[in-house]
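Visitor: Input start.tsv, format and content: TSV, C-alpha atoms.
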chain	number	residue	atom	x	y	z
S	1	MET	CA	10.65	-21.87	-2.91
S	2	THR	CA	7.72	-23.81	-4.33
S	3	GLY	CA	4.00	-23.41	-3.98
S	4	LEU	CA	1.38	-24.79	-1.66
S	5	ARG	CA	0.56	-28.49	-1.78
S	6	LYS	CA	-2.77	-30.24	-1.44
S	7	ASP	CA	-1.47	-32.02	1.67
S	8	GLU	CA	-0.69	-28.77	3.48
S	9	PRO	CA	-1.71	-28.62	7.17
S	10	ALA	CA	-4.98	-26.91	8.04
S	11	PRO	CA	-4.90	-23.15	7.32
S	12	LEU	CA	-3.94	-20.82	10.15
S	13	ILE	CA	-7.37	-19.23	10.20
S	14	ASP	CA	-8.80	-22.48	11.60
S	15	SER	CA	-6.72	-22.22	14.78
S	16	MET	CA	-5.64	-18.57	15.00
S	17	GLY	CA	-8.33	-16.56	13.30
S	18	ALA	CA	-11.89	-15.51	12.66
S	19	ARG	CA	-14.08	-14.72	9.67
S	20	ALA	CA	-16.69	-12.13	8.80
S	21	ASP	CA	-18.88	-11.66	5.73
S	22	LEU	CA	-19.59	-8.05	4.75
S	23	ASP	CA	-21.32	-8.58	1.38
S	24	ALA	CA	-19.34	-5.90	-0.50
S	25	GLU	CA	-15.86	-5.65	-1.97
S	26	ILE	CA	-13.19	-4.98	0.64
S	27	VAL	CA	-11.31	-1.80	-0.28
S	28	ALA	CA	-8.97	-1.38	2.70
S	29	PHE	CA	-8.27	-2.17	6.35
S	30	ALA	CA	-6.74	-0.15	9.16
S	31	TRP	CA	-5.77	-1.70	12.51
S	32	VAL	CA	-6.09	0.35	15.68
S	33	GLY	CA	-4.95	-1.80	18.57
S	34	ASP	CA	-7.00	-4.99	18.56
S	35	ARG	CA	-9.77	-3.67	16.33
S	36	VAL	CA	-9.83	-3.20	12.60
S	37	LEU	CA	-11.64	-0.64	10.46
S	38	VAL	CA	-12.93	-1.98	7.15
S	39	ALA	CA	-13.86	0.16	4.15
S	40	THR	CA	-16.10	-1.51	1.56
S	41	GLY	CA	-17.02	-0.63	-1.99
S	42	ASP	CA	-20.66	0.03	-1.16
S	43	GLY	CA	-19.75	3.16	0.83
S	44	ALA	CA	-19.75	1.59	4.29
S	45	VAL	CA	-17.09	1.58	6.99
S	46	ARG	CA	-17.23	-0.93	9.83
S	47	GLY	CA	-15.35	-1.55	13.03
S	48	LEU	CA	-14.61	-5.17	13.92
S	49	SER	CA	-12.88	-6.76	16.87
S	50	ALA	CA	-9.98	-9.10	16.19
S	51	SER	CA	-12.42	-11.96	16.77
S	52	GLY	CA	-14.68	-10.73	13.96
S	53	GLU	CA	-17.36	-9.20	16.19
S	54	ALA	CA	-19.14	-6.19	14.70
S	55	LEU	CA	-18.51	-3.13	16.90
S	56	TRP	CA	-20.16	-0.45	14.77
S	57	THR	CA	-21.27	0.19	11.20
S	58	HIS	CA	-21.63	3.34	9.11
S	59	ALA	CA	-23.67	2.04	6.20
S	60	GLU	CA	-23.40	5.35	4.34
S	61	ALA	CA	-20.03	6.75	5.27
S	62	HIS	CA	-20.02	7.94	1.65
S	63	ASP	CA	-22.93	8.79	-0.61
S	64	GLY	CA	-21.78	6.23	-3.14
S	65	ALA	CA	-18.79	3.93	-3.48
S	66	ILE	CA	-15.56	4.12	-1.53
S	67	LEU	CA	-12.80	4.15	-4.14
S	68	CYS	CA	-9.69	4.39	-1.95
S	69	ALA	CA	-8.50	4.53	1.63
S	70	ALA	CA	-5.35	5.03	3.69
S	71	PRO	CA	-4.66	3.92	7.28
S	72	LEU	CA	-4.06	6.28	10.19
S	73	ALA	CA	-2.54	5.55	13.56
S	74	ASP	CA	-6.01	6.07	15.04
S	75	GLY	CA	-8.34	5.32	12.16
S	76	LEU	CA	-8.83	5.48	8.42
S	77	VAL	CA	-9.07	8.09	5.66
S	78	THR	CA	-11.45	7.27	2.80
S	79	GLY	CA	-12.20	8.80	-0.60
S	80	GLY	CA	-15.34	8.22	-2.63
S	81	ASP	CA	-17.14	8.84	-5.90
S	82	ASP	CA	-19.17	11.46	-4.02
S	83	GLY	CA	-16.13	13.75	-4.00
S	84	ALA	CA	-15.69	13.42	-0.24
S	85	VAL	CA	-12.64	12.59	1.84
S	86	ASN	CA	-13.55	11.41	5.33
S	87	ARG	CA	-11.58	10.59	8.43
S	88	ILE	CA	-13.03	7.74	10.51
S	89	GLY	CA	-11.84	7.20	14.07
S	90	ALA	CA	-11.48	3.89	15.89
S	91	ASP	CA	-14.78	4.63	17.66
S	92	GLY	CA	-16.57	5.19	14.34
S	93	ALA	CA	-16.67	8.99	14.54
S	94	ILE	CA	-16.63	10.53	11.04
S	95	THR	CA	-15.06	13.89	10.16
S	96	GLN	CA	-15.33	15.16	6.61
S	97	ILE	CA	-11.95	16.53	5.53
S	98	LEU	CA	-13.10	17.92	2.19
S	99	ARG	CA	-15.69	17.48	-0.52
S	100	GLU	CA	-15.80	18.46	-4.18
S	101	LYS	CA	-19.23	17.60	-5.53
S	102	GLY	CA	-19.49	15.99	-8.91
S	103	LYS	CA	-15.93	14.62	-8.80
S	104	TRP	CA	-14.29	11.36	-7.84
S	105	VAL	CA	-11.53	10.92	-5.31
S	106	GLN	CA	-9.29	8.43	-7.07
S	107	ALA	CA	-6.56	8.08	-4.42
S	108	VAL	CA	-5.62	9.28	-0.94
S	109	ALA	CA	-2.42	9.26	1.12
S	110	ARG	CA	-1.60	10.33	4.62
S	111	HIS	CA	1.54	11.51	6.47
S	112	GLY	CA	1.49	13.09	9.91
S	113	GLY	CA	-1.32	15.62	9.88
S	114	ALA	CA	-1.44	15.94	6.09
S	115	THR	CA	-3.81	14.26	3.63
S	116	LEU	CA	-3.40	14.07	-0.14
S	117	ALA	CA	-6.46	13.54	-2.34
S	118	ALA	CA	-6.27	12.89	-6.09
S	119	ILE	CA	-9.29	14.52	-7.74
S	120	GLY	CA	-9.18	14.53	-11.53
S	121	LYS	CA	-5.93	16.19	-12.63
S	122	ASP	CA	-5.48	17.88	-9.26
S	123	VAL	CA	-3.94	16.73	-6.00
S	124	VAL	CA	-5.38	18.56	-3.01
S	125	LEU	CA	-3.29	18.87	0.15
S	126	HIS	CA	-5.25	19.20	3.41
S	127	ARG	CA	-3.62	19.77	6.79
S	128	ASP	CA	-5.36	19.05	10.08
S	129	GLY	CA	-6.42	22.31	11.69
S	130	ALA	CA	-5.68	24.37	8.59
S	131	GLY	CA	-7.95	22.93	5.90
S	132	ILE	CA	-6.97	22.86	2.23
S	133	VAL	CA	-3.59	24.55	1.96
S	134	HIS	CA	-2.46	23.71	-1.59
S	135	ARG	CA	-3.73	22.42	-4.89
S	136	PHE	CA	-1.33	20.85	-7.41
S	137	ASP	CA	-2.27	20.51	-11.08
S	138	HIS	CA	-1.01	17.68	-13.30
S	139	PRO	CA	-0.93	16.96	-17.04
S	140	ALA	CA	-3.39	14.06	-16.79
S	141	THR	CA	-5.78	12.39	-14.36
S	142	VAL	CA	-3.92	11.35	-11.22
S	143	GLU	CA	-4.35	7.64	-10.49
S	144	ALA	CA	-2.21	7.27	-7.34
S	145	VAL	CA	-0.35	9.38	-4.79
S	146	ALA	CA	2.34	8.60	-2.22
S	147	PHE	CA	4.23	10.70	0.29
S	148	GLU	CA	8.00	10.56	0.45
S	149	PRO	CA	8.92	8.71	3.68
S	150	ASN	CA	9.81	11.99	5.43
S	151	GLY	CA	6.67	13.70	4.11
S	152	ARG	CA	8.48	16.57	2.38
S	153	ARG	CA	7.55	15.58	-1.17
S	154	PHE	CA	4.91	13.45	-2.82
S	155	ALA	CA	4.65	11.49	-6.05
S	156	ALA	CA	1.56	11.56	-8.27
S	157	ALA	CA	1.19	8.84	-10.92
S	158	HIS	CA	-0.63	9.72	-14.12
S	159	TYR	CA	-0.58	8.97	-17.84
S	160	ASN	CA	2.96	9.15	-19.24
S	161	GLY	CA	4.75	9.36	-15.92
S	162	VAL	CA	5.04	10.55	-12.34
S	163	THR	CA	5.23	14.12	-11.04
S	164	LEU	CA	7.19	14.90	-7.87
S	165	SER	CA	6.15	17.96	-5.86
S	166	TRP	CA	7.23	19.60	-2.63
S	167	ALA	CA	4.27	19.43	-0.27
S	168	SER	CA	4.97	22.90	1.13
S	169	ASN	CA	4.93	24.74	-2.20
S	170	PRO	CA	3.08	23.88	-5.43
S	171	ALA	CA	5.44	26.03	-7.53
S	172	SER	CA	8.78	24.89	-6.13
S	173	ARG	CA	11.03	22.64	-8.25
S	174	ARG	CA	8.37	20.27	-9.51
S	175	LYS	CA	9.69	17.47	-11.68
S	176	THR	CA	7.94	15.04	-14.00
S	177	LEU	CA	9.55	11.65	-14.64
S	178	THR	CA	8.31	10.49	-18.01
S	179	TRP	CA	7.56	7.11	-19.52
S	180	THR	CA	4.83	6.50	-22.08
S	181	GLY	CA	1.80	4.63	-20.77
S	182	ALA	CA	-0.70	4.58	-17.92
S	183	HIS	CA	0.86	4.54	-14.44
S	184	LEU	CA	-1.71	3.30	-11.92
S	185	GLY	CA	0.19	2.85	-8.65
S	186	VAL	CA	3.23	4.51	-7.09
S	187	ALA	CA	5.65	3.92	-4.19
S	188	TRP	CA	8.84	5.46	-2.82
S	189	SER	CA	11.72	3.28	-1.72
S	190	LYS	CA	12.30	3.57	2.03
S	191	ASP	CA	15.49	5.57	1.53
S	192	ALA	CA	13.72	7.86	-0.98
S	193	ARG	CA	16.30	7.12	-3.70
S	194	PHE	CA	13.81	5.50	-6.07
S	195	VAL	CA	10.21	5.92	-7.20
S	196	VAL	CA	8.42	2.92	-8.69
S	197	THR	CA	5.08	2.59	-10.48
S	198	TYR	CA	3.00	-0.29	-11.73
S	199	MET	CA	1.41	0.23	-15.11
S	200	GLN	CA	-1.64	-0.70	-17.13
S	201	GLU	CA	0.61	-3.09	-19.03
S	202	ASN	CA	2.15	-6.05	-17.19
S	203	ALA	CA	5.19	-4.16	-15.95
S	204	LEU	CA	6.73	-1.94	-13.31
S	205	HIS	CA	8.66	1.21	-14.12
S	206	GLY	CA	11.11	3.02	-11.89
S	207	TRP	CA	13.45	5.98	-11.66
S	208	ARG	CA	16.64	6.58	-9.70
S	209	LEU	CA	16.10	10.10	-8.42
S	210	GLN	CA	19.77	11.04	-8.13
S	211	ASP	CA	20.19	11.20	-11.88
S	212	GLY	CA	16.77	10.40	-13.34
S	213	GLN	CA	17.90	7.02	-14.70
S	214	HIS	CA	14.81	4.97	-15.48
S	215	PHE	CA	14.39	1.20	-15.53
S	216	ARG	CA	11.75	-1.38	-16.37
S	217	MET	CA	10.76	-4.54	-14.50
S	218	THR	CA	8.92	-6.83	-16.89
S	219	GLY	CA	8.05	-10.48	-17.50
S	220	TYR	CA	4.77	-10.58	-15.58
S	221	PRO	CA	1.98	-12.74	-17.03
S	222	ALA	CA	-0.75	-10.62	-15.42
S	223	LYS	CA	-1.38	-7.05	-14.38
S	224	ILE	CA	0.38	-5.84	-11.24
S	225	ARG	CA	-1.99	-4.23	-8.77
S	226	SER	CA	-0.10	-4.45	-5.50
S	227	MET	CA	3.47	-3.85	-4.30
S	228	ALA	CA	5.11	-3.45	-0.91
S	229	PHE	CA	8.64	-2.94	0.43
S	230	ASP	CA	9.83	-5.32	3.11
S	231	MET	CA	10.82	-4.11	6.61
S	232	THR	CA	14.39	-3.30	5.52
S	233	GLY	CA	13.50	-1.58	2.27
S	234	ASP	CA	15.90	-3.94	0.48
S	235	TRP	CA	13.19	-5.82	-1.42
S	236	LEU	CA	10.02	-4.83	-3.26
S	237	ALA	CA	7.39	-7.58	-3.27
S	238	THR	CA	4.87	-7.52	-6.12
S	239	SER	CA	1.75	-9.25	-7.39
S	240	GLY	CA	1.10	-10.12	-11.04
S	241	ALA	CA	2.34	-13.73	-11.27
S	242	LEU	CA	1.59	-17.10	-9.70
S	243	GLU	CA	4.59	-16.36	-7.48
S	244	VAL	CA	5.37	-13.31	-5.37
S	245	VAL	CA	8.13	-11.57	-7.32
S	246	CYS	CA	10.71	-9.52	-5.38
S	247	TRP	CA	13.13	-6.91	-6.76
S	248	PRO	CA	16.38	-5.79	-5.07
S	249	PHE	CA	16.84	-2.24	-3.78
S	250	ARG	CA	19.89	-2.89	-1.59
S	251	THR	CA	22.48	-0.97	-3.59
S	252	GLN	CA	22.76	2.48	-5.13
S	253	ASN	CA	21.66	1.01	-8.45
S	254	GLY	CA	18.63	-0.78	-7.04
S	255	PRO	CA	17.16	-3.22	-9.57
S	256	ILE	CA	18.95	-1.60	-12.54
S	257	GLY	CA	20.59	-4.48	-14.39
S	258	GLN	CA	19.27	-6.99	-11.84
S	259	SER	CA	16.67	-9.75	-12.02
S	260	GLY	CA	13.76	-10.35	-9.72
S	261	TYR	CA	13.35	-13.57	-7.77
S	262	VAL	CA	10.31	-15.47	-6.54
S	263	ILE	CA	9.60	-16.35	-2.91
S	264	GLY	CA	6.58	-18.61	-3.22
S	265	ALA	CA	3.63	-19.54	-5.39
S	266	LEU	CA	-0.11	-19.68	-4.86
S	267	GLY	CA	-2.67	-21.74	-6.74
S	268	ALA	CA	-3.80	-18.71	-8.76
S	269	PRO	CA	-2.07	-15.45	-9.74
S	270	VAL	CA	-1.16	-13.20	-6.82
S	271	SER	CA	-3.42	-10.14	-6.55
S	272	ALA	CA	-2.27	-8.52	-3.28
S	273	VAL	CA	0.85	-8.41	-1.12
S	274	ALA	CA	1.69	-6.91	2.28
S	275	CYS	CA	5.01	-7.13	4.11
S	276	HIS	CA	5.25	-7.58	7.89
S	277	PRO	CA	6.38	-4.38	9.66
S	278	SER	CA	9.20	-5.98	11.64
S	279	ARG	CA	9.84	-9.50	10.35
S	280	PRO	CA	11.03	-10.79	6.94
S	281	ILE	CA	7.59	-12.10	6.00
S	282	CYS	CA	5.27	-11.30	3.13
S	283	ALA	CA	1.54	-12.05	3.12
S	284	ALA	CA	0.08	-12.73	-0.31
S	285	GLY	CA	-3.45	-13.24	-1.59
S	286	SER	CA	-4.56	-14.64	-4.92
S	287	LEU	CA	-7.24	-14.09	-7.54
S	288	GLU	CA	-9.14	-16.99	-5.95
S	289	GLY	CA	-8.86	-15.71	-2.38
S	290	GLU	CA	-6.10	-18.05	-1.19
S	291	VAL	CA	-3.79	-16.34	1.35
S	292	ALA	CA	-0.34	-17.47	2.48
S	293	LEU	CA	2.74	-16.26	4.34
S	294	MET	CA	6.16	-16.40	2.66
S	295	ALA	CA	9.70	-15.70	3.82
S	296	VAL	CA	11.14	-12.72	1.97
S	297	ASN	CA	14.48	-14.52	1.63
S	298	GLY	CA	12.71	-17.36	-0.21
S	299	ASN	CA	13.58	-20.04	2.36
S	300	GLY	CA	11.05	-22.69	3.35
S	301	ARG	CA	7.56	-23.25	2.00
S	302	PRO	CA	4.59	-20.88	2.06
S	303	ILE	CA	2.36	-21.23	5.11
S	304	LEU	CA	-1.31	-21.43	4.24
S	305	VAL	CA	-3.46	-18.83	5.99
S	306	ASP	CA	-6.76	-19.51	4.20
S	307	HIS	CA	-7.93	-21.56	1.22
S	308	GLY	CA	-10.11	-18.69	0.06
S	309	ALA	CA	-13.67	-18.54	-1.23
S	310	GLY	CA	-12.87	-18.29	-4.93
S	311	ALA	CA	-12.96	-14.49	-5.11
S	312	ARG	CA	-10.06	-12.10	-5.77
S	313	THR	CA	-8.12	-10.92	-2.72
S	314	THR	CA	-8.44	-7.12	-2.75
S	315	ALA	CA	-6.90	-6.04	0.57
S	316	LEU	CA	-4.27	-7.19	3.05
S	317	ALA	CA	-3.11	-5.31	6.13
S	318	TRP	CA	-0.82	-5.97	9.10
S	319	SER	CA	-1.25	-4.16	12.38
S	320	GLU	CA	1.57	-1.77	13.25
S	321	ASP	CA	3.01	-4.20	15.81
S	322	GLY	CA	2.67	-7.14	13.42
S	323	ARG	CA	0.41	-9.11	15.73
S	324	PHE	CA	-2.68	-9.07	13.50
S	325	LEU	CA	-3.31	-9.69	9.81
S	326	ALA	CA	-6.52	-8.83	7.96
S	327	PHE	CA	-7.42	-9.95	4.46
S	328	GLY	CA	-10.52	-9.57	2.33
S	329	ASP	CA	-11.86	-10.24	-1.14
S	330	GLU	CA	-14.12	-8.73	-3.79
S	331	GLU	CA	-17.18	-10.55	-2.44
S	332	GLY	CA	-16.79	-9.23	1.11
S	333	HIS	CA	-15.21	-12.24	2.83
S	334	VAL	CA	-12.88	-11.12	5.64
S	335	GLY	CA	-10.28	-13.11	7.56
S	336	LEU	CA	-8.57	-11.93	10.75
S	337	ILE	CA	-5.50	-13.66	12.21
S	338	ASP	CA	-4.02	-13.13	15.70
S	339	PHE	CA	-0.33	-14.12	15.87
S	340	ALA	CA	0.04	-13.32	19.59
S	341	GLU	CA	0.84	-16.90	20.57
S	342	ALA	CA	3.25	-17.40	17.69
S	343	MET	CA	5.04	-14.13	18.46
S	344	ALA	CA	5.37	-15.05	22.11
S	345	GLY	CA	7.04	-18.28	21.10
Would you write the structure of this file as C-alpha cells?
Guide:
Amino acid sequence: MTGLRKDEPAPLIDSMGARADLDAEIVAFAWVGDRVLVATGDGAVRGLSASGEALWTHAEAHDGAILCAAPLADGLVTGGDDGAVNRIGADGAITQILREKGKWVQAVARHGGATLAAIGKDVVLHRDGAGIVHRFDHPATVEAVAFEPNGRRFAAAHYNGVTLSWASNPASRRKTLTWTGAHLGVAWSKDARFVVTYMQENALHGWRLQDGQHFRMTGYPAKIRSMAFDMTGDWLATSGALEVVCWPFRTQNGPIGQSGYVIGALGAPVSAVACHPSRPICAAGSLEGEVALMAVNGNGRPILVDHGAGARTTALAWSEDGRFLAFGDEEGHVGLIDFAEAMAG
C-alpha cells in the first residue's frame, strides 16, 4: 500500500465530521454513546457532542496538568501532576478516586471496577467501593501500566524491563521481564501470551510469557509512542515511521523471527494509531496532524480523514461500536467523524 496523494478526494471530515478548537494539547478521548469526553493538558475535561457542540467544561478538573487518562464505559479516568486520579462521568460529574499530594500520576489503567495508578515507583490499585486495596513497589519509576485482558494481572513498564503482578496480591508470584533501557509504553496481546513495550530508543521489545523468550522489533526511523492490536489480536499496529508498521501475533511464536509489514503511509511520520473495534481498519495520525484510515491487511489506499493543522496528532479514539472516531493534536484541534451512513451501507 502506498501513501496519500495530492489529488486525493476531499477529506472525510468535510462531509462526515465536525471540528472543535480547545486551545490545549489533547491527552485522551472517551466516547459515551454519541458524546465524547476530552482530557486536555491544561487540566480541563470537556464533554462534546458528536457534532462538536460544547456540552460542559471543567476548566480545573485537575490542579495542574492532566498527564494520562483511560476510557470507561461511562466516562473517563484521569491522572495529573497534582497527584490526583479522578473519574469523570458522561454528565461531567467528577469523583476523586485518590490523591497523593506532591507526586505525579504518570499512567492509569482501568478494568471492571479497578483502577491502576502509576505514582513514582509504586502502582496503586483502587477498587470501586473499597478504596485503595493494594500498593505494588517497583525497581524504578513506572512509566506505563496495562491490565491483562481478563484483569487478573497487570504489567508495569519501567527502566530495564516490565514487572508482572497479580492484581489480587502484591506478594504473589511477581515476575520481572528484563531488558536494558527505558520502557515507556506497554500492552498485552489479546490472548495474553505476549507482553510488548515501546522504548526510549526507536524500538519495541517483547516477551513470550510461556517461556520468557524475548524479542526485539527494530528498524524504526523515529520514536514509537503509540501501538494498538487490531480487532482479531493477530496484528499490532505501531507508529514511529512514515508508514503504519504492523507485526504478526497469529502464531504461538508471534513476531519472533518474523518481519513487520506496512499498511499505508502519511505525509509525515505516524505519531498515533487506533484500530477499529470490529472492522479490519486502523486510524493513523501524523506529526503534522494528518489523519487517515488504512486497511489492516494492506489492501487499497489510505482514505484521508483530515489534512491536519500542522501539529502532532496526540490522541485517536473509536467509540465502542465503531461508529465515531475522535482525533486531536498538541495544539488543541479536535476532529469528530460519524460513520453512521457508511456503516449502514
Visitor: Could you jot down the atom CA of S:Ser239 to atom CA of S:Ala272 separation for me, Å, one decimal place?
Guide: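 Between these atoms lies a distance of 5.8 Å.
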Visitor: Compare S:Val45, S:Trp235, S:Ser15, S:Ala144 by their minimum atom-to-atom distance to S:Thr251, counting all atoms listed in the file, and give me the closest one.
Guide: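 Once distances to S:Thr251 are computed over all atoms listed in the file, the minimum belongs to S:Trp235.
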Visitor: Would you mind telling me which residue in S:Gly17, S:Gly43, S:Pro11, S:Gly212 lies nearest to S:Asn253 when using only C-alpha atoms?
Guide: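 The shortest atom-to-atom distance to S:Asn253 comes from S:Gly212.
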Visitor: Between S:Thr40, S:Thr163, S:Ser51, S:Ser259, which one has atoms that come closest to S:Glu331, using only C-alpha atoms?
Guide: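 Comparing S:Thr40, S:Thr163, S:Ser51, S:Ser259 against S:Glu331, the winner is S:Thr40.
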Visitor: So which residues touch S:Val145 within 10 Å, counting all atoms listed in the file, skipping near sequence neighbours fewer than 3 positions away, as a list in words?
Guide: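 The residues that qualify are Gln106, Ala107, Val108, Ala109, Arg110, Leu116, Ala117, Ala118, Val123, Val142, Glu148, Phe154, Ala155, Ala156, Ala157, His158, Val162, Thr163, Leu164, Leu184, Gly185, Val186 and Ala187 of chain S.
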Visitor: To one decimal place in Å, what is the distance between atom CA of S:Gly233 and atom CA of S:Asp191?
Guide: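 Separation of atom CA of S:Gly233 and atom CA of S:Asp191: 7.5 Å.
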Visitor: If you measure from atom CA of S:Gly161 to atom CA of S:Trp179, what distance in Å do you get, rounded to one decimal?
Guide: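 We find that atom CA of S:Gly161 and atom CA of S:Trp179 lie 5.1 Å from each other.
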Visitor: Report the centre and edge lengths, in Å to one decimal, of an axis-aligned box enclosing every atom of stretch 320-336 of chain S listed in the file, padded by 5 Å on each side, as lines of an AutoDock Vina configuration file.
Guide:
center_x = -7.1
center_y = -7.4
center_z = 6.0
size_x = 30.2
size_y = 21.3
size_z = 29.6
Visitor: Applying 10 Å and all atoms listed in the file, which residues near S:Met227 remain after dropping the ones on its own chain fewer than 2 positions away? List them as a ChimeraX atom specification.
Guide: /S:185-187,196-198,204,224-225,229-230,236-240,244-246,271-275
Visitor: Could you write out the selected residues, including C-alpha atoms, as a CSV table (one decimal), keeping the file's coordinate frame?
Guide:
chain,number,residue,atom,x,y,z
S,185,GLY,CA,0.2,2.8,-8.6
S,186,VAL,CA,3.2,4.5,-7.1
S,187,ALA,CA,5.6,3.9,-4.2
S,196,VAL,CA,8.4,2.9,-8.7
S,197,THR,CA,5.1,2.6,-10.5
S,198,TYR,CA,3.0,-0.3,-11.7
S,204,LEU,CA,6.7,-1.9,-13.3
S,224,ILE,CA,0.4,-5.8,-11.2
S,225,ARG,CA,-2.0,-4.2,-8.8
S,229,PHE,CA,8.6,-2.9,0.4
S,230,ASP,CA,9.8,-5.3,3.1
S,236,LEU,CA,10.0,-4.8,-3.3
S,237,ALA,CA,7.4,-7.6,-3.3
S,238,THR,CA,4.9,-7.5,-6.1
S,239,SER,CA,1.8,-9.2,-7.4
S,240,GLY,CA,1.1,-10.1,-11.0
S,244,VAL,CA,5.4,-13.3,-5.4
S,245,VAL,CA,8.1,-11.6,-7.3
S,246,CYS,CA,10.7,-9.5,-5.4
S,271,SER,CA,-3.4,-10.1,-6.6
S,272,ALA,CA,-2.3,-8.5,-3.3
S,273,VAL,CA,0.8,-8.4,-1.1
S,274,ALA,CA,1.7,-6.9,2.3
S,275,CYS,CA,5.0,-7.1,4.1
Visitor: Some atoms are absent from stretch 279-294 of chain S, so rebuild N, CA, C and O atoms and return them as a PDB file, in the frame of the given file.
Guide:
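Wrote result21.pdb, looks like this:
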ATOM      1  N   ARG S 279       9.277  -8.186  10.606  1.00  0.00           N
ATOM      2  CA  ARG S 279       9.840  -9.500  10.350  1.00  0.00           C
ATOM      3  C   ARG S 279       9.912  -9.741   8.832  1.00  0.00           C
ATOM      4  O   ARG S 279       9.119  -9.172   8.078  1.00  0.00           O
ATOM      5  N   PRO S 280      10.858 -10.569   8.378  1.00  0.00           N
ATOM      6  CA  PRO S 280      11.030 -10.790   6.940  1.00  0.00           C
ATOM      7  C   PRO S 280       9.986 -11.730   6.359  1.00  0.00           C
ATOM      8  O   PRO S 280      10.283 -12.820   5.868  1.00  0.00           O
ATOM      9  N   ILE S 281       8.739 -11.295   6.429  1.00  0.00           N
ATOM     10  CA  ILE S 281       7.590 -12.100   6.000  1.00  0.00           C
ATOM     11  C   ILE S 281       6.716 -11.283   5.077  1.00  0.00           C
ATOM     12  O   ILE S 281       6.484 -10.090   5.311  1.00  0.00           O
ATOM     13  N   CYS S 282       6.217 -11.927   4.037  1.00  0.00           N
ATOM     14  CA  CYS S 282       5.270 -11.300   3.130  1.00  0.00           C
ATOM     15  C   CYS S 282       3.969 -12.106   3.128  1.00  0.00           C
ATOM     16  O   CYS S 282       3.993 -13.322   3.004  1.00  0.00           O
ATOM     17  N   ALA S 283       2.849 -11.417   3.293  1.00  0.00           N
ATOM     18  CA  ALA S 283       1.540 -12.050   3.120  1.00  0.00           C
ATOM     19  C   ALA S 283       1.089 -11.805   1.690  1.00  0.00           C
ATOM     20  O   ALA S 283       1.275 -10.709   1.149  1.00  0.00           O
ATOM     21  N   ALA S 284       0.526 -12.840   1.079  1.00  0.00           N
ATOM     22  CA  ALA S 284       0.080 -12.730  -0.310  1.00  0.00           C
ATOM     23  C   ALA S 284      -1.289 -13.354  -0.464  1.00  0.00           C
ATOM     24  O   ALA S 284      -1.580 -14.392   0.133  1.00  0.00           O
ATOM     25  N   GLY S 285      -2.127 -12.712  -1.279  1.00  0.00           N
ATOM     26  CA  GLY S 285      -3.450 -13.240  -1.590  1.00  0.00           C
ATOM     27  C   GLY S 285      -3.613 -13.385  -3.087  1.00  0.00           C
ATOM     28  O   GLY S 285      -3.000 -12.645  -3.862  1.00  0.00           O
ATOM     29  N   SER S 286      -4.453 -14.325  -3.500  1.00  0.00           N
ATOM     30  CA  SER S 286      -4.560 -14.640  -4.920  1.00  0.00           C
ATOM     31  C   SER S 286      -5.897 -14.205  -5.521  1.00  0.00           C
ATOM     32  O   SER S 286      -6.805 -13.741  -4.821  1.00  0.00           O
ATOM     33  N   LEU S 287      -6.006 -14.399  -6.822  1.00  0.00           N
ATOM     34  CA  LEU S 287      -7.240 -14.090  -7.540  1.00  0.00           C
ATOM     35  C   LEU S 287      -8.396 -14.988  -7.112  1.00  0.00           C
ATOM     36  O   LEU S 287      -9.557 -14.685  -7.399  1.00  0.00           O
ATOM     37  N   GLU S 288      -8.096 -16.095  -6.437  1.00  0.00           N
ATOM     38  CA  GLU S 288      -9.140 -16.990  -5.950  1.00  0.00           C
ATOM     39  C   GLU S 288      -9.309 -16.913  -4.431  1.00  0.00           C
ATOM     40  O   GLU S 288      -9.995 -17.736  -3.832  1.00  0.00           O
ATOM     41  N   GLY S 289      -8.665 -15.934  -3.802  1.00  0.00           N
ATOM     42  CA  GLY S 289      -8.860 -15.710  -2.380  1.00  0.00           C
ATOM     43  C   GLY S 289      -7.924 -16.455  -1.459  1.00  0.00           C
ATOM     44  O   GLY S 289      -7.970 -16.264  -0.238  1.00  0.00           O
ATOM     45  N   GLU S 290      -7.076 -17.330  -2.003  1.00  0.00           N
ATOM     46  CA  GLU S 290      -6.100 -18.050  -1.190  1.00  0.00           C
ATOM     47  C   GLU S 290      -5.107 -17.042  -0.595  1.00  0.00           C
ATOM     48  O   GLU S 290      -4.679 -16.105  -1.270  1.00  0.00           O
ATOM     49  N   VAL S 291      -4.737 -17.231   0.677  1.00  0.00           N
ATOM     50  CA  VAL S 291      -3.790 -16.340   1.350  1.00  0.00           C
ATOM     51  C   VAL S 291      -2.708 -17.189   2.003  1.00  0.00           C
ATOM     52  O   VAL S 291      -2.996 -18.242   2.585  1.00  0.00           O
ATOM     53  N   ALA S 292      -1.460 -16.735   1.904  1.00  0.00           N
ATOM     54  CA  ALA S 292      -0.340 -17.470   2.480  1.00  0.00           C
ATOM     55  C   ALA S 292       0.723 -16.501   2.967  1.00  0.00           C
ATOM     56  O   ALA S 292       0.771 -15.340   2.546  1.00  0.00           O
ATOM     57  N   LEU S 293       1.582 -17.003   3.855  1.00  0.00           N
ATOM     58  CA  LEU S 293       2.740 -16.260   4.340  1.00  0.00           C
ATOM     59  C   LEU S 293       3.993 -16.845   3.687  1.00  0.00           C
ATOM     60  O   LEU S 293       4.114 -18.071   3.549  1.00  0.00           O
ATOM     61  N   MET S 294       4.925 -15.975   3.316  1.00  0.00           N
ATOM     62  CA  MET S 294       6.160 -16.400   2.660  1.00  0.00           C
ATOM     63  C   MET S 294       7.340 -15.659   3.257  1.00  0.00           C
ATOM     64  O   MET S 294       7.235 -14.478   3.602  1.00  0.00           O
TER      65      MET S 294
END
